[in-house]
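**Student:** So that we are looking at the same thing, I have put the structure below in structure tokens.
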Amino acid sequence: LDLELEKSRFFRMKSMELFDQKSHPNEMLSGLRYFERALKNDGSGHEKEAFSWGPVNQMALSVCLLSLCERMRDVFKLEPRLVRLKAPTYILGDIHGNFHDLVCFEKVLWRMGPHLTPCSFLFLGDYVDRGENGVEVIAYLFAQKLLAPSKFFLIRG
């Protein structure tokens, strides 16, 4: 019986990061929500257009992004090149660095978060070329993949 208790505790540990707002994936998603929103001048002189960073700590952002990349390297090493997915799965392709489209997908397909939808999401590549927000797109996808590894699948190549 103790073995079963330890086993269930181990499986719960993976989900702990989902609720830890200080984890790098959650910090990145929080930062990307800031990036997405416009901020009006509230009298303090701080104003920011939507889909721009404004005055942020670029070093902290870089550290967070590097952490996501390092962790994703380990995830990609363990994940098979051929993934078998069950229905229902949304297939999304050719984002090309367009963070606006990715935000629209999020609002329509997994508004309450990927964990609360029965679907999986398969992204077909071409994440960063051509668009103006390639770094934001890949940061978003990496953060979601780390938080929901059985829901987000990223084709590489």
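Quick note on naming: the chains in the structure tokens go A, B, ... in the order shown, residues restart at 1 in each chain, and ligands are numbered from 1 in order of appearance.
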Give me, as JSON, numbers by chain, the residues of range 21-122 of chain A that a backbone DSSP run labels strand (DSSP E).

**Tutor:** {"A": [89, 90, 91, 92, 120, 121, 122]}

**Student:** Can I get the selection written as an mmCIF file, in the first residue's frame, with N, CA and C atoms?

**Tutor:**
data_model
loop_
_atom_site.group_PDB
_atom_site.id
_atom_site.type_symbol
_atom_site.label_atom_id
_atom_site.label_comp_id
_atom_site.auth_asym_id
_atom_site.auth_seq_id
_atom_site.Cartn_x
_atom_site.Cartn_y
_atom_site.Cartn_z
ATOM 1 N N THR A 89 -7.612 15.852 -32.224
ATOM 2 C CA THR A 89 -6.366 16.605 -32.285
ATOM 3 C C THR A 89 -6.528 17.748 -33.279
ATOM 4 N N TYR A 90 -6.197 18.943 -32.855
ATOM 5 C CA TYR A 90 -6.149 20.082 -33.770
ATOM 6 C C TYR A 90 -4.775 20.108 -34.410
ATOM 7 N N ILE A 91 -4.738 20.286 -35.721
ATOM 8 C CA ILE A 91 -3.479 20.356 -36.456
ATOM 9 C C ILE A 91 -3.310 21.791 -36.931
ATOM 10 N N LEU A 92 -2.241 22.424 -36.475
ATOM 11 C CA LEU A 92 -1.988 23.836 -36.761
ATOM 12 C C LEU A 92 -0.643 23.959 -37.448
ATOM 13 N N SER A 120 -5.735 17.392 -28.254
ATOM 14 C CA SER A 120 -4.295 17.607 -28.342
ATOM 15 C C SER A 120 -4.057 18.602 -29.463
ATOM 16 N N PHE A 121 -2.831 19.111 -29.531
ATOM 17 C CA PHE A 121 -2.495 20.126 -30.524
ATOM 18 C C PHE A 121 -1.185 19.739 -31.199
ATOM 19 N N LEU A 122 -1.231 19.588 -32.515
ATOM 20 C CA LEU A 122 -0.054 19.243 -33.302
ATOM 21 C C LEU A 122 0.328 20.447 -34.150
#

**Student:** Would you kindly return, as a PyMOL selection string, each protein, DNA or RNA residue with an atom no farther than 12 Å from any atom of Pro149 in chain A, considering only C-alpha atoms and excluding same-chain residues fewer than 5 positions away?

**Tutor:** chain A and resi 14-15+17-18+25+71-72+75-76+78-79+114-115+120-122+141-144+154

**Student:** Skip Asp126 in chain A itself and residues of its chain fewer than 5 positions away, then list as a PyMOL selection string all residues within 12 Å of it, counting only C-alpha atoms.

**Tutor:** chain A and resi 92-98+131+134+137-138+154-157

**Student:** According to DSSP computed on the backbone, where in chain A is there alpha helix (DSSP H)? Give the residues as a ChimeraX atom specification.

**Tutor:** /A:2-19,24-36,58-78,99-109,134-147

**Student:** Would you put the residues from that selection into a file with C-alpha atoms, as a PDB file, in the first residue's frame?

**Tutor:**
ATOM      1  CA  ASP A   2       2.865   2.394   0.737  1.00  0.00           C
ATOM      2  CA  LEU A   3       4.219   1.718  -2.753  1.00  0.00           C
ATOM      3  CA  GLU A   4       0.897   2.802  -4.290  1.00  0.00           C
ATOM      4  CA  LEU A   5       0.895   5.986  -2.211  1.00  0.00           C
ATOM      5  CA  GLU A   6       4.440   6.828  -3.320  1.00  0.00           C
ATOM      6  CA  LYS A   7       3.545   6.038  -6.924  1.00  0.00           C
ATOM      7  CA  SER A   8       0.552   8.412  -6.911  1.00  0.00           C
ATOM      8  CA  ARG A   9       2.642  11.115  -5.233  1.00  0.00           C
ATOM      9  CA  PHE A  10       5.260  10.797  -7.962  1.00  0.00           C
ATOM     10  CA  PHE A  11       2.705  11.248 -10.743  1.00  0.00           C
ATOM     11  CA  ARG A  12       1.255  14.337  -9.044  1.00  0.00           C
ATOM     12  CA  MET A  13       4.687  15.956  -8.889  1.00  0.00           C
ATOM     13  CA  LYS A  14       4.702  16.584 -12.667  1.00  0.00           C
ATOM     14  CA  SER A  15       1.542  18.647 -12.396  1.00  0.00           C
ATOM     15  CA  MET A  16       3.001  20.785  -9.601  1.00  0.00           C
ATOM     16  CA  GLU A  17       4.858  22.956 -12.142  1.00  0.00           C
ATOM     17  CA  LEU A  18       1.583  23.766 -13.853  1.00  0.00           C
ATOM     18  CA  PHE A  19       0.458  25.698 -10.773  1.00  0.00           C
ATOM     19  CA  HIS A  24      10.101  29.344 -16.143  1.00  0.00           C
ATOM     20  CA  PRO A  25       7.270  28.142 -18.439  1.00  0.00           C
ATOM     21  CA  ASN A  26       4.655  30.032 -16.404  1.00  0.00           C
ATOM     22  CA  GLU A  27       6.869  33.111 -16.133  1.00  0.00           C
ATOM     23  CA  MET A  28       7.307  33.089 -19.908  1.00  0.00           C
ATOM     24  CA  LEU A  29       3.554  32.754 -20.510  1.00  0.00           C
ATOM     25  CA  SER A  30       2.947  35.601 -18.086  1.00  0.00           C
ATOM     26  CA  GLY A  31       5.527  37.717 -19.912  1.00  0.00           C
ATOM     27  CA  LEU A  32       3.943  36.904 -23.263  1.00  0.00           C
ATOM     28  CA  ARG A  33       0.544  37.998 -21.970  1.00  0.00           C
ATOM     29  CA  TYR A  34       2.187  41.309 -21.029  1.00  0.00           C
ATOM     30  CA  PHE A  35       3.721  41.459 -24.532  1.00  0.00           C
ATOM     31  CA  GLU A  36       0.264  40.947 -26.080  1.00  0.00           C
ATOM     32  CA  GLN A  58      15.761  41.846 -21.171  1.00  0.00           C
ATOM     33  CA  MET A  59      18.300  39.878 -19.115  1.00  0.00           C
ATOM     34  CA  ALA A  60      15.571  38.143 -17.085  1.00  0.00           C
ATOM     35  CA  LEU A  61      13.665  37.429 -20.284  1.00  0.00           C
ATOM     36  CA  SER A  62      16.814  35.943 -21.846  1.00  0.00           C
ATOM     37  CA  VAL A  63      17.521  33.727 -18.838  1.00  0.00           C
ATOM     38  CA  CYS A  64      13.956  32.445 -18.891  1.00  0.00           C
ATOM     39  CA  LEU A  65      14.109  31.740 -22.638  1.00  0.00           C
ATOM     40  CA  LEU A  66      17.444  29.923 -22.332  1.00  0.00           C
ATOM     41  CA  SER A  67      16.016  27.788 -19.537  1.00  0.00           C
ATOM     42  CA  LEU A  68      13.065  26.824 -21.739  1.00  0.00           C
ATOM     43  CA  CYS A  69      15.394  25.928 -24.602  1.00  0.00           C
ATOM     44  CA  GLU A  70      17.613  23.760 -22.412  1.00  0.00           C
ATOM     45  CA  ARG A  71      14.624  21.894 -20.993  1.00  0.00           C
ATOM     46  CA  MET A  72      13.086  21.448 -24.430  1.00  0.00           C
ATOM     47  CA  ARG A  73      16.297  19.898 -25.712  1.00  0.00           C
ATOM     48  CA  ASP A  74      15.835  17.157 -23.102  1.00  0.00           C
ATOM     49  CA  VAL A  75      12.148  16.757 -23.994  1.00  0.00           C
ATOM     50  CA  PHE A  76      12.940  16.441 -27.699  1.00  0.00           C
ATOM     51  CA  LYS A  77      15.635  13.850 -26.996  1.00  0.00           C
ATOM     52  CA  LEU A  78      13.121  11.665 -25.144  1.00  0.00           C
ATOM     53  CA  PHE A  99       2.235  35.622 -32.669  1.00  0.00           C
ATOM     54  CA  HIS A 100      -1.105  37.322 -33.423  1.00  0.00           C
ATOM     55  CA  ASP A 101      -2.376  34.105 -35.052  1.00  0.00           C
ATOM     56  CA  LEU A 102      -1.098  31.970 -32.193  1.00  0.00           C
ATOM     57  CA  VAL A 103      -2.952  34.160 -29.679  1.00  0.00           C
ATOM     58  CA  CYS A 104      -6.117  33.792 -31.780  1.00  0.00           C
ATOM     59  CA  PHE A 105      -5.706  29.994 -31.784  1.00  0.00           C
ATOM     60  CA  GLU A 106      -5.302  30.068 -28.008  1.00  0.00           C
ATOM     61  CA  LYS A 107      -8.423  32.158 -27.484  1.00  0.00           C
ATOM     62  CA  VAL A 108     -10.542  29.943 -29.721  1.00  0.00           C
ATOM     63  CA  LEU A 109      -9.150  26.441 -29.113  1.00  0.00           C
ATOM     64  CA  GLY A 134       9.475  34.322 -34.099  1.00  0.00           C
ATOM     65  CA  VAL A 135      11.088  34.403 -30.652  1.00  0.00           C
ATOM     66  CA  GLU A 136       7.732  34.972 -28.955  1.00  0.00           C
ATOM     67  CA  VAL A 137       6.114  32.147 -30.954  1.00  0.00           C
ATOM     68  CA  ILE A 138       8.770  29.598 -30.075  1.00  0.00           C
ATOM     69  CA  ALA A 139       8.861  30.753 -26.437  1.00  0.00           C
ATOM     70  CA  TYR A 140       5.081  30.296 -26.207  1.00  0.00           C
ATOM     71  CA  LEU A 141       5.149  26.841 -27.817  1.00  0.00           C
ATOM     72  CA  PHE A 142       8.067  25.679 -25.650  1.00  0.00           C
ATOM     73  CA  ALA A 143       6.363  26.912 -22.472  1.00  0.00           C
ATOM     74  CA  GLN A 144       3.094  25.181 -23.361  1.00  0.00           C
ATOM     75  CA  LYS A 145       4.913  21.960 -24.313  1.00  0.00           C
ATOM     76  CA  LEU A 146       6.731  21.922 -20.979  1.00  0.00           C
ATOM     77  CA  LEU A 147       3.495  22.500 -19.050  1.00  0.00           C
TER      78      LEU A 147
END

**Student:** Between A:Trp110, A:Phe153, A:Phe51, A:Tyr127, which has the minimum distance to Arg37 in chain A (counting only C-alpha atoms)?

**Tutor:** A:Phe51

**Student:** Which residue gives the smallest distance to Lys86 in chain A among A:Ala148, A:Leu124, A:Ala38, A:Pro118, with only C-alpha atoms counted?

**Tutor:**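 Looking only at the distances to Lys86 in chain A, the closest residue turns out to be A:Pro118.
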